[in-house]
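The file final.txt comes next; it holds compact mmCIF, C-alpha atoms.
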# COMPACT_ATOMS: atom_id res chain seq x y z
CA MET A 1 98.42 2.48 334.85
CA SER A 2 97.47 2.71 338.49
CA THR A 3 100.10 3.53 341.05
CA ILE A 4 100.79 3.50 344.77
CA GLN A 5 103.10 5.64 346.85
CA LEU A 6 105.95 3.49 348.18
CA ASN A 7 108.22 5.19 350.70
CA GLY A 8 107.28 8.56 349.27
CA ALA A 9 107.71 7.71 345.57
CA ALA A 10 105.18 6.65 342.94
CA ARG A 11 105.31 3.00 341.90
CA PRO A 12 103.23 1.18 339.27
CA LEU A 13 100.68 -1.22 340.73
CA ALA A 14 99.71 -4.45 338.96
CA GLU A 15 96.23 -5.67 339.78
CA GLY A 16 96.20 -8.28 342.55
CA THR A 17 99.52 -7.24 344.08
CA THR A 18 99.56 -8.13 347.77
CA VAL A 19 101.67 -6.63 350.52
CA ALA A 20 103.70 -9.85 350.51
CA HIS A 21 104.41 -9.41 346.77
CA LEU A 22 105.54 -5.85 347.40
CA VAL A 23 107.83 -6.84 350.29
CA THR A 24 109.43 -9.48 348.08
CA ALA A 25 109.89 -6.97 345.29
CA VAL A 26 111.51 -4.46 347.65
CA THR A 27 113.70 -6.81 349.69
CA GLY A 28 114.40 -9.51 347.10
CA ARG A 29 113.35 -12.18 349.58
CA ALA A 30 110.50 -14.66 349.19
CA ILE A 31 107.87 -14.43 351.93
CA LEU A 32 105.91 -17.35 353.38
CA ALA A 33 102.20 -17.13 354.14
CA SER A 34 103.19 -16.53 357.78
CA GLY A 35 104.99 -13.36 356.74
CA GLN A 36 108.40 -14.81 357.63
CA PRO A 37 111.12 -14.97 354.96
CA ALA A 38 111.38 -18.30 353.15
CA ASP A 39 115.18 -18.34 353.61
CA GLY A 40 114.82 -18.83 357.37
CA GLY A 41 116.54 -15.53 358.24
CA ARG A 42 115.09 -12.51 359.99
CA LEU A 43 113.49 -9.96 357.70
CA GLY A 44 113.25 -7.07 360.15
CA VAL A 45 110.70 -5.21 358.05
CA ALA A 46 107.37 -3.60 358.92
CA VAL A 47 104.71 -2.25 356.58
CA ALA A 48 102.29 0.60 357.10
CA ARG A 49 99.46 1.09 354.62
CA ASN A 50 97.64 4.40 354.75
CA GLN A 51 99.04 5.04 358.25
CA ASP A 52 97.93 1.64 359.59
CA ILE A 53 100.36 -1.17 360.29
CA VAL A 54 99.73 -4.36 358.34
CA PRO A 55 100.83 -7.27 360.58
CA ARG A 56 103.11 -9.69 358.76
CA SER A 57 100.57 -12.47 359.19
CA GLN A 58 98.22 -10.44 356.96
CA TRP A 59 100.72 -9.54 354.24
CA ALA A 60 99.76 -12.40 351.91
CA GLY A 61 96.05 -11.70 352.30
CA THR A 62 96.17 -7.93 351.90
CA THR A 63 95.73 -6.71 348.34
CA LEU A 64 96.98 -3.21 347.54
CA GLU A 65 94.62 -0.66 346.00
CA PRO A 66 95.47 2.15 343.59
CA GLY A 67 96.48 5.27 345.49
CA ASP A 68 97.58 3.41 348.62
CA ASP A 69 100.31 5.10 350.62
CA VAL A 70 102.73 2.39 351.71
CA GLU A 71 105.76 2.66 353.97
CA VAL A 72 108.23 -0.23 354.23
CA VAL A 73 110.64 0.33 357.11
CA THR A 74 113.53 -1.52 358.67
CA ALA A 75 116.26 -1.16 361.28
CA VAL A 76 119.18 1.06 360.33
CA GLN A 77 122.18 2.48 362.17
CA GLY A 78 121.22 5.32 364.45
CA GLY A 79 120.72 6.44 368.01
CA MET B 1 136.83 -11.65 386.39
CA THR B 2 134.50 -10.19 383.81
CA GLU B 3 132.56 -13.44 383.60
CA THR B 4 132.35 -13.74 387.39
CA LEU B 5 131.07 -10.21 387.83
CA THR B 6 128.42 -10.37 385.15
CA ALA B 7 127.19 -13.73 386.42
CA THR B 8 126.77 -12.51 389.99
CA ASP B 9 125.72 -8.94 389.25
CA PRO B 10 123.45 -9.00 386.20
CA PHE B 11 121.82 -5.87 384.87
CA ILE B 12 118.12 -6.64 385.21
CA VAL B 13 115.86 -4.46 383.10
CA ALA B 14 112.21 -5.10 382.18
CA GLY B 15 112.62 -8.41 384.00
CA VAL B 16 115.46 -9.60 381.77
CA PRO B 17 118.98 -10.19 383.14
CA LEU B 18 121.76 -8.89 380.90
CA GLY B 19 125.43 -9.76 381.30
CA SER B 20 126.69 -6.33 380.25
CA ARG B 21 125.91 -2.90 381.62
CA LEU B 22 126.98 -1.25 378.40
CA ILE B 23 124.18 -0.51 375.96
CA MET B 24 125.47 0.43 372.56
CA GLY B 25 124.10 2.70 369.88
CA THR B 26 124.83 2.22 366.20
CA GLY B 27 124.80 5.75 364.80
CA GLY B 28 127.89 7.15 363.17
CA ALA B 29 129.65 3.95 362.12
CA PRO B 30 131.09 4.17 358.59
CA SER B 31 130.43 0.50 357.79
CA LEU B 32 128.29 -2.33 359.07
CA ASP B 33 131.28 -4.66 359.26
CA GLY B 34 133.30 -2.24 361.40
CA LEU B 35 130.29 -1.67 363.59
CA GLY B 36 129.92 -5.40 364.18
CA ALA B 37 133.54 -5.70 365.32
CA ALA B 38 133.11 -2.79 367.76
CA LEU B 39 129.90 -4.19 369.18
CA VAL B 40 131.53 -7.55 369.83
CA ALA B 41 134.55 -5.85 371.46
CA SER B 42 132.23 -3.85 373.73
CA GLY B 43 130.65 -7.01 375.13
CA THR B 44 127.22 -5.39 374.83
CA GLU B 45 124.09 -7.52 374.99
CA LEU B 46 121.66 -4.73 374.10
CA THR B 47 122.00 -2.33 371.18
CA THR B 48 119.79 0.38 369.83
CA VAL B 49 118.81 0.89 366.18
CA ALA B 50 116.76 3.48 364.31
CA MET B 51 113.76 2.75 362.08
CA ARG B 52 113.83 4.15 358.57
CA ARG B 53 112.47 3.50 355.09
CA TYR B 54 113.88 0.33 353.56
CA ALA B 55 116.72 1.20 351.18
CA PRO B 56 118.11 -1.62 349.02
CA GLY B 57 121.83 -2.33 349.30
CA SER B 58 122.27 -0.94 352.80
CA GLY B 59 123.58 -4.24 354.17
CA GLY B 60 127.16 -5.26 354.94
CA SER B 61 129.26 -7.96 353.29
CA GLY B 62 127.24 -11.04 352.40
CA GLY B 63 124.03 -9.00 352.30
CA THR B 64 123.50 -9.16 356.07
CA ASN B 65 121.29 -6.44 357.42
CA LEU B 66 121.78 -4.68 360.76
CA PHE B 67 119.03 -6.63 362.49
CA GLU B 68 120.55 -9.95 361.42
CA LEU B 69 124.00 -8.77 362.50
CA LEU B 70 122.70 -8.22 366.02
CA VAL B 71 120.76 -11.48 366.10
CA GLU B 72 123.84 -13.43 364.93
CA ASN B 73 125.91 -11.93 367.74
CA ASN B 74 123.27 -12.67 370.39
CA ILE B 75 122.71 -8.96 370.96
CA ARG B 76 119.20 -7.97 371.91
CA VAL B 77 117.80 -5.18 369.75
CA LEU B 78 116.46 -1.97 371.28
CA PRO B 79 114.64 -0.01 368.57
CA ASN B 80 114.54 3.73 369.11
CA THR B 81 112.35 6.59 367.99
CA ALA B 82 115.23 8.82 366.91
CA GLY B 83 114.09 11.69 364.74
CA CYS B 84 110.61 11.93 366.27
CA PHE B 85 109.45 15.35 367.43
CA THR B 86 105.97 14.46 368.65
CA ALA B 87 104.37 11.75 370.77
CA ARG B 88 102.25 10.74 367.78
CA GLU B 89 105.30 10.09 365.59
CA ALA B 90 107.08 8.26 368.39
CA VAL B 91 104.16 5.93 369.07
CA MET B 92 103.80 5.08 365.37
CA THR B 93 107.56 4.46 365.08
CA ALA B 94 107.49 2.19 368.13
CA GLU B 95 104.60 0.23 366.65
CA LEU B 96 106.49 -0.22 363.37
CA ALA B 97 109.57 -1.34 365.29
CA ARG B 98 107.59 -3.84 367.33
CA GLU B 99 106.20 -5.34 364.15
CA ALA B 100 109.52 -5.35 362.27
CA LEU B 101 111.85 -6.50 365.03
CA GLU B 102 109.47 -8.54 367.15
CA THR B 103 110.25 -6.80 370.44
CA ASP B 104 108.14 -4.61 372.71
CA TRP B 105 111.22 -2.84 374.05
CA VAL B 106 111.67 0.70 372.79
CA LYS B 107 114.11 3.50 373.47
CA LEU B 108 111.75 6.47 373.51
CA GLU B 109 113.36 9.58 372.12
CA VAL B 110 111.24 12.64 371.47
CA ILE B 111 113.40 15.60 370.68
CA ALA B 112 112.49 19.27 370.70
CA ASP B 113 114.60 20.53 367.82
CA GLU B 114 117.54 19.57 365.63
CA HIS B 115 119.83 22.21 367.06
CA THR B 116 119.95 20.94 370.65
CA LEU B 117 118.53 17.43 370.14
CA LEU B 118 117.29 17.81 373.71
CA PRO B 119 114.23 15.80 374.81
CA ASP B 120 110.87 17.57 374.75
CA ALA B 121 109.60 16.72 378.23
CA VAL B 122 105.93 17.35 377.45
CA GLU B 123 105.83 15.09 374.39
CA LEU B 124 108.04 12.55 376.17
CA VAL B 125 105.65 12.21 379.09
CA GLU B 126 102.68 11.93 376.73
CA ALA B 127 104.40 9.26 374.59
CA THR B 128 105.53 7.27 377.63
CA GLU B 129 101.97 7.06 378.91
CA GLN B 130 100.62 5.95 375.52
CA LEU B 131 103.34 3.38 374.94
CA VAL B 132 103.04 1.85 378.40
CA ASN B 133 99.30 1.53 377.81
CA ARG B 134 100.04 -0.27 374.54
CA GLY B 135 102.24 -2.80 376.33
CA PHE B 136 105.67 -1.45 375.47
CA LYS B 137 108.70 -1.64 377.75
CA VAL B 138 109.73 2.00 377.58
CA PHE B 139 113.35 3.09 377.97
CA ALA B 140 112.78 6.81 378.26
CA TYR B 141 115.56 9.11 377.09
CA THR B 142 115.18 12.25 379.18
CA ASN B 143 116.87 15.41 380.37
CA ASP B 144 118.87 15.24 383.60
CA ASP B 145 115.80 16.53 385.43
CA PRO B 146 115.03 14.56 388.63
CA VAL B 147 111.39 15.64 388.56
CA VAL B 148 110.72 14.43 385.02
CA ALA B 149 112.69 11.23 385.66
CA LEU B 150 110.45 10.37 388.59
CA ARG B 151 107.36 11.22 386.59
CA LEU B 152 108.44 8.83 383.81
CA GLU B 153 108.95 6.06 386.32
CA GLN B 154 105.50 6.68 387.81
CA LEU B 155 104.00 6.41 384.32
CA GLY B 156 105.49 2.93 384.01
CA ALA B 157 108.80 3.39 382.18
CA ALA B 158 110.99 0.27 382.40
CA ALA B 159 114.11 2.44 382.65
CA VAL B 160 114.87 6.14 382.77
CA MET B 161 117.80 7.35 380.71
CA PRO B 162 118.99 10.83 381.62
CA LEU B 163 121.51 12.50 379.37
CA GLY B 164 125.00 13.36 380.55
CA ALA B 165 125.28 16.05 377.89
CA PRO B 166 123.58 16.70 374.52
CA ILE B 167 123.77 13.89 371.94
CA GLY B 168 127.09 13.63 370.15
CA THR B 169 128.87 16.34 372.13
CA GLY B 170 131.23 14.09 374.10
CA LEU B 171 131.10 16.64 376.95
CA GLY B 172 130.68 13.94 379.60
CA ILE B 173 128.38 14.34 382.60
CA LEU B 174 127.60 18.03 382.95
CA ASN B 175 125.50 17.76 386.11
CA PRO B 176 126.68 14.82 388.23
CA HIS B 177 124.60 16.05 391.16
CA ASN B 178 121.36 15.68 389.20
CA ILE B 179 122.35 12.20 388.04
CA GLU B 180 123.00 11.18 391.64
CA LEU B 181 119.67 12.65 392.67
CA ILE B 182 117.84 10.75 389.92
CA VAL B 183 119.56 7.52 390.96
CA SER B 184 118.81 8.02 394.64
CA ARG B 185 115.06 8.34 394.03
CA ALA B 186 114.61 5.77 391.26
CA SER B 187 113.31 2.27 391.69
CA VAL B 188 113.70 1.38 388.02
CA PRO B 189 117.11 1.15 386.34
CA VAL B 190 118.82 4.44 385.51
CA VAL B 191 120.86 4.43 382.31
CA LEU B 192 123.21 7.32 381.58
CA ASP B 193 122.49 8.08 377.93
CA ALA B 194 124.21 10.58 375.62
CA GLY B 195 127.15 12.91 376.03
CA ILE B 196 129.77 10.30 376.88
CA GLY B 197 133.15 11.17 375.37
CA THR B 198 135.64 8.72 376.77
CA ALA B 199 136.02 5.80 379.15
CA SER B 200 136.30 7.84 382.35
CA ASP B 201 132.90 9.43 381.67
CA ALA B 202 131.31 5.98 381.64
CA ALA B 203 133.15 4.95 384.79
CA LEU B 204 131.91 8.12 386.50
CA ALA B 205 128.32 7.38 385.48
CA MET B 206 128.56 3.99 387.12
CA GLU B 207 130.22 5.44 390.23
CA LEU B 208 127.34 7.89 390.53
CA GLY B 209 125.09 4.85 390.82
CA CYS B 210 123.74 4.43 387.31
CA ASP B 211 122.77 0.87 386.42
CA ALA B 212 124.11 1.05 382.89
CA VAL B 213 125.51 3.38 380.24
CA LEU B 214 124.31 3.90 376.67
CA LEU B 215 126.68 5.39 374.11
CA ALA B 216 127.30 5.38 370.38
CA THR B 217 129.31 8.26 368.98
CA ALA B 218 132.13 7.88 371.51
CA VAL B 219 132.87 4.49 369.94
CA THR B 220 131.71 4.77 366.35
CA ARG B 221 133.54 8.05 365.71
CA ALA B 222 136.67 7.20 367.73
CA GLN B 223 139.84 6.82 365.68
CA ASP B 224 139.95 3.14 366.67
CA PRO B 225 136.36 2.09 367.43
CA VAL B 226 137.19 -1.49 368.41
CA ARG B 227 139.80 -0.40 370.95
CA MET B 228 137.52 2.30 372.33
CA ALA B 229 134.68 -0.23 372.64
CA GLU B 230 136.92 -2.45 374.71
CA ALA B 231 137.90 0.54 376.85
CA PHE B 232 134.24 1.22 377.59
CA LYS B 233 133.65 -2.41 378.45
CA HIS B 234 136.30 -2.20 381.17
CA ALA B 235 135.28 1.30 382.30
CA VAL B 236 131.71 0.24 382.95
CA ILE B 237 132.82 -2.82 384.89
CA GLY B 238 135.33 -0.78 386.87
CA GLY B 239 132.82 1.92 387.69
CA ARG B 240 130.22 -0.61 388.77
CA LEU B 241 132.69 -2.38 391.06
CA ALA B 242 133.78 0.92 392.58
CA SER B 243 130.18 1.96 393.11
CA ARG B 244 129.45 -1.20 395.05
CA ALA B 245 132.76 -1.28 396.93
CA GLY B 246 132.06 1.89 398.92
CA ARG B 247 134.56 4.64 398.26
CA ILE B 248 136.45 6.45 401.01
CA PRO B 249 135.05 9.80 402.10
CA LYS B 250 136.74 12.90 400.74
CA ARG B 251 138.79 14.79 403.35
CA ALA B 252 140.18 18.29 403.53
CA HIS B 253 143.50 17.19 405.02
CA ALA B 254 145.93 14.33 404.49
CA LEU B 255 145.54 11.08 406.37
CA ALA B 256 148.68 8.99 406.81
CA SER B 257 148.34 5.40 405.77
CA SER B 258 151.45 4.37 407.73
CA ALA B 259 151.40 4.28 411.53
CA MET B 260 153.85 6.61 413.34
CA GLU B 261 154.19 4.08 416.18
CA GLY B 262 157.40 2.01 415.99
CA ARG B 263 159.16 4.54 413.79
CA PRO B 264 162.98 4.28 414.33
CA ASP B 265 164.68 7.29 415.91
CA LEU B 266 166.87 8.52 413.08

This entry written out as structure tokens:
Amino acid sequence: MSTIQLNGAARPLAEGTTVAHLVTAVTGRAILASGQPADGGRLGVAVARNQDIVPRSQWAGTTLEPGDDVEVVTAVQGG
Amino acid sequence: MTETLTATDPFIVAGVPLGSRLIMGTGGAPSLDGLGAALVASGTELTTVAMRRYAPGSGGSGGTNLFELLVENNIRVLPNTAGCFTAREAVMTAELAREALETDWVKLEVIADEHTLLPDAVELVEATEQLVNRGFKVFAYTNDDPVVALRLEQLGAAAVMPLGAPIGTGLGILNPHNIELIVSRASVPVVLDAGIGTASDAALAMELGCDAVLLATAVTRAQDPVRMAEAFKHAVIGGRLASRAGRIPKRAHALASSAMEGRPDL
């Protein structure tokens, strides 16, 4: 089974998984093709893949590859 | 009175007028719900957040996340680069924040080490230059060094934010003279950031001429955060009014406020 690194931990990767699929799996929120959440709220999440930011407009069209190093970040209390 | 003042004396930063001169941080609050109540009590319209890996279940009641909490309360979000030690990390964090939170405002924080949490001036200057070139509105957290503050402004920072004392110490403003000097030479807003312990520290910052105050721990770790937030709201307004009202000069000797003329012969 191929894997990716998600936020520093190994995660199984099903073939054809896009960044949008991964964001939905992580946040539990459906993502529109625009990259905005389908529930009309504000997602507040950014994705970096192999040290490059994937703009939300490209989430649905970006397919993950085995071995990708993915960071999913959001706003938290601090500072 | 509060409404009148903020309407006639807005805090304009990066071209945006804000109704409050109190910028809040969010670190140190035990719960998201309590934090929300304190932020509302403070009257803040701009609040800073950190960027970290997404962790499920970190929201408050009803599943609201911090970003949505701010949006719902009409508070503008100011992402920060807390925890970054190099310009490279800070620029990447700012880019992630811009993508996640849809703002090009960033509180730039590049610290030298975890013991002092003091800004690393060299990395800070480097990161400011890079971020300005990438179109960010940089709120640069800096030491109370008038030379570096001016350099940050010249590089295009939207605001310079000298510390009063190291982060989280609550020691107040350790070098008021330097803060006054920074203010006197700045043509971008000066925000007193870090070290505030209690309301009088914030009032002093404003009296020294700062345009705004940024604080977190003083509220979030107070015994009653909501009450302390309200105290800071009034302190910042009071200090601003005093700063603009023109204080009396200090004198070595007493000056009677009652005329001697017409005094009855007793």

By how many Å are atom CA of Gly61 of chain A and atom CA of Ala90 of chain B apart?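 So the two atoms, atom CA of Gly61 of chain A and atom CA of Ala90 of chain B, lie 27.9 Å apart.
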
Residues of chain B near chain A: apply a cut-off of 6 Å, count all atoms listed in the file, and supply the list as a CSV table (one decimal) with C-alpha atoms, keeping the file's coordinate frame.
chain,number,residue,atom,x,y,z
B,25,GLY,CA,124.1,2.7,369.9
B,26,THR,CA,124.8,2.2,366.2
B,27,GLY,CA,124.8,5.8,364.8
B,49,VAL,CA,118.8,0.9,366.2
B,50,ALA,CA,116.8,3.5,364.3
B,51,MET,CA,113.8,2.8,362.1
B,52,ARG,CA,113.8,4.2,358.6
B,53,ARG,CA,112.5,3.5,355.1
B,54,TYR,CA,113.9,0.3,353.6
B,96,LEU,CA,106.5,-0.2,363.4
B,99,GLU,CA,106.2,-5.3,364.2
B,100,ALA,CA,109.5,-5.4,362.3
B,101,LEU,CA,111.8,-6.5,365.0

Would you pick out the contacts of Asp193 of chain B at 6 Å or less, using all atoms listed in the file, so that residues sharing its chain but fewer than 6 positions from it are not included, and give the list as a list in words?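 Contacts, in chain order: Met161, Pro162, Leu163 and Leu214 of chain B.
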
Measuring atom to atom with only C-alpha atoms, identify which of B:Leu208, B:Val148, B:Ala38, B:Leu78 is nearest to Glu230 of chain B.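 Counting only C-alpha atoms, the residue closest to Glu230 of chain B is B:Ala38.
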
In the coordinate frame of the file, compute which residues have an atom within 8 Å of (94.2, -1.0, 341.7) when using only C-alpha atoms, and state them as a JSON list (two decimals) with C-alpha atoms, in the frame of the given file.
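Once written, part-v6.json looks like this:
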[["chain", "number", "residue", "atom", "x", "y", "z"],
["A", 2, "SER", "CA", 97.47, 2.71, 338.49],
["A", 3, "THR", "CA", 100.10, 3.53, 341.05],
["A", 13, "LEU", "CA", 100.68, -1.22, 340.73],
["A", 14, "ALA", "CA", 99.71, -4.45, 338.96],
["A", 15, "GLU", "CA", 96.23, -5.67, 339.78],
["A", 16, "GLY", "CA", 96.20, -8.28, 342.55],
["A", 64, "LEU", "CA", 96.98, -3.21, 347.54],
["A", 65, "GLU", "CA", 94.62, -0.66, 346.00],
["A", 66, "PRO", "CA", 95.47, 2.15, 343.59],
["A", 67, "GLY", "CA", 96.48, 5.27, 345.49]]

My structure is short of atoms at segment 158-169 of chain B; please model all heavy atoms there, returning them as an mmCIF file, in the coordinates of the input.
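Resulting contents of result.cif:
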data_model
loop_
_atom_site.group_PDB
_atom_site.id
_atom_site.type_symbol
_atom_site.label_atom_id
_atom_site.label_comp_id
_atom_site.auth_asym_id
_atom_site.auth_seq_id
_atom_site.Cartn_x
_atom_site.Cartn_y
_atom_site.Cartn_z
ATOM 1 N N ALA B 158 110.178 1.404 381.936
ATOM 2 C CA ALA B 158 110.990 0.270 382.400
ATOM 3 C C ALA B 158 112.367 0.741 382.846
ATOM 4 O O ALA B 158 113.004 0.106 383.685
ATOM 5 C CB ALA B 158 111.136 -0.757 381.278
ATOM 6 N N ALA B 159 112.829 1.841 382.282
ATOM 7 C CA ALA B 159 114.110 2.440 382.650
ATOM 8 C C ALA B 159 114.054 3.918 382.318
ATOM 9 O O ALA B 159 113.378 4.315 381.366
ATOM 10 C CB ALA B 159 115.269 1.784 381.895
ATOM 11 N N VAL B 160 114.730 4.722 383.133
ATOM 12 C CA VAL B 160 114.870 6.140 382.770
ATOM 13 C C VAL B 160 116.316 6.379 382.363
ATOM 14 O O VAL B 160 117.243 5.860 382.972
ATOM 15 C CB VAL B 160 114.448 7.103 383.903
ATOM 16 C CG1 VAL B 160 112.957 7.001 384.155
ATOM 17 C CG2 VAL B 160 115.213 6.849 385.171
ATOM 18 N N MET B 161 116.470 7.172 381.312
ATOM 19 C CA MET B 161 117.800 7.350 380.710
ATOM 20 C C MET B 161 118.138 8.831 380.586
ATOM 21 O O MET B 161 117.971 9.442 379.523
ATOM 22 C CB MET B 161 117.828 6.649 379.353
ATOM 23 C CG MET B 161 117.342 5.198 379.454
ATOM 24 S SD MET B 161 118.076 4.086 378.271
ATOM 25 C CE MET B 161 117.430 4.713 376.741
ATOM 26 N N PRO B 162 118.615 9.419 381.686
ATOM 27 C CA PRO B 162 118.990 10.830 381.620
ATOM 28 C C PRO B 162 120.265 11.027 380.806
ATOM 29 O O PRO B 162 121.147 10.176 380.794
ATOM 30 C CB PRO B 162 119.240 11.175 383.095
ATOM 31 C CG PRO B 162 119.624 9.887 383.732
ATOM 32 C CD PRO B 162 118.837 8.826 383.017
ATOM 33 N N LEU B 163 120.320 12.182 380.160
ATOM 34 C CA LEU B 163 121.510 12.500 379.370
ATOM 35 C C LEU B 163 122.610 13.033 380.273
ATOM 36 O O LEU B 163 122.348 13.669 381.302
ATOM 37 C CB LEU B 163 121.177 13.493 378.271
ATOM 38 C CG LEU B 163 120.506 14.821 378.640
ATOM 39 C CD1 LEU B 163 121.487 15.811 379.221
ATOM 40 C CD2 LEU B 163 119.822 15.408 377.426
ATOM 41 N N GLY B 164 123.855 12.748 379.881
ATOM 42 C CA GLY B 164 125.000 13.360 380.550
ATOM 43 C C GLY B 164 125.261 14.727 379.960
ATOM 44 O O GLY B 164 125.600 15.687 380.654
ATOM 45 N N ALA B 165 125.099 14.821 378.652
ATOM 46 C CA ALA B 165 125.280 16.050 377.890
ATOM 47 C C ALA B 165 124.528 15.837 376.571
ATOM 48 O O ALA B 165 124.133 14.707 376.267
ATOM 49 C CB ALA B 165 126.760 16.316 377.636
ATOM 50 N N PRO B 166 124.313 16.894 375.778
ATOM 51 C CA PRO B 166 123.580 16.700 374.520
ATOM 52 C C PRO B 166 124.223 15.635 373.615
ATOM 53 O O PRO B 166 125.443 15.437 373.631
ATOM 54 C CB PRO B 166 123.621 18.084 373.875
ATOM 55 C CG PRO B 166 123.680 19.023 375.045
ATOM 56 C CD PRO B 166 124.547 18.319 376.052
ATOM 57 N N ILE B 167 123.369 14.983 372.834
ATOM 58 C CA ILE B 167 123.770 13.890 371.940
ATOM 59 C C ILE B 167 124.973 14.295 371.084
ATOM 60 O O ILE B 167 124.978 15.359 370.461
ATOM 61 C CB ILE B 167 122.586 13.509 371.027
ATOM 62 C CG1 ILE B 167 121.461 12.882 371.853
ATOM 63 C CG2 ILE B 167 123.029 12.553 369.921
ATOM 64 C CD1 ILE B 167 120.167 12.676 371.083
ATOM 65 N N GLY B 168 125.977 13.451 371.070
ATOM 66 C CA GLY B 168 127.090 13.630 370.150
ATOM 67 C C GLY B 168 128.136 14.646 370.575
ATOM 68 O O GLY B 168 129.111 14.858 369.855
ATOM 69 N N THR B 169 127.928 15.280 371.743
ATOM 70 C CA THR B 169 128.870 16.340 372.130
ATOM 71 C C THR B 169 130.141 15.786 372.766
ATOM 72 O O THR B 169 131.183 16.443 372.730
ATOM 73 C CB THR B 169 128.230 17.325 373.127
ATOM 74 O OG1 THR B 169 127.816 16.595 374.292
ATOM 75 C CG2 THR B 169 127.045 18.049 372.515
#
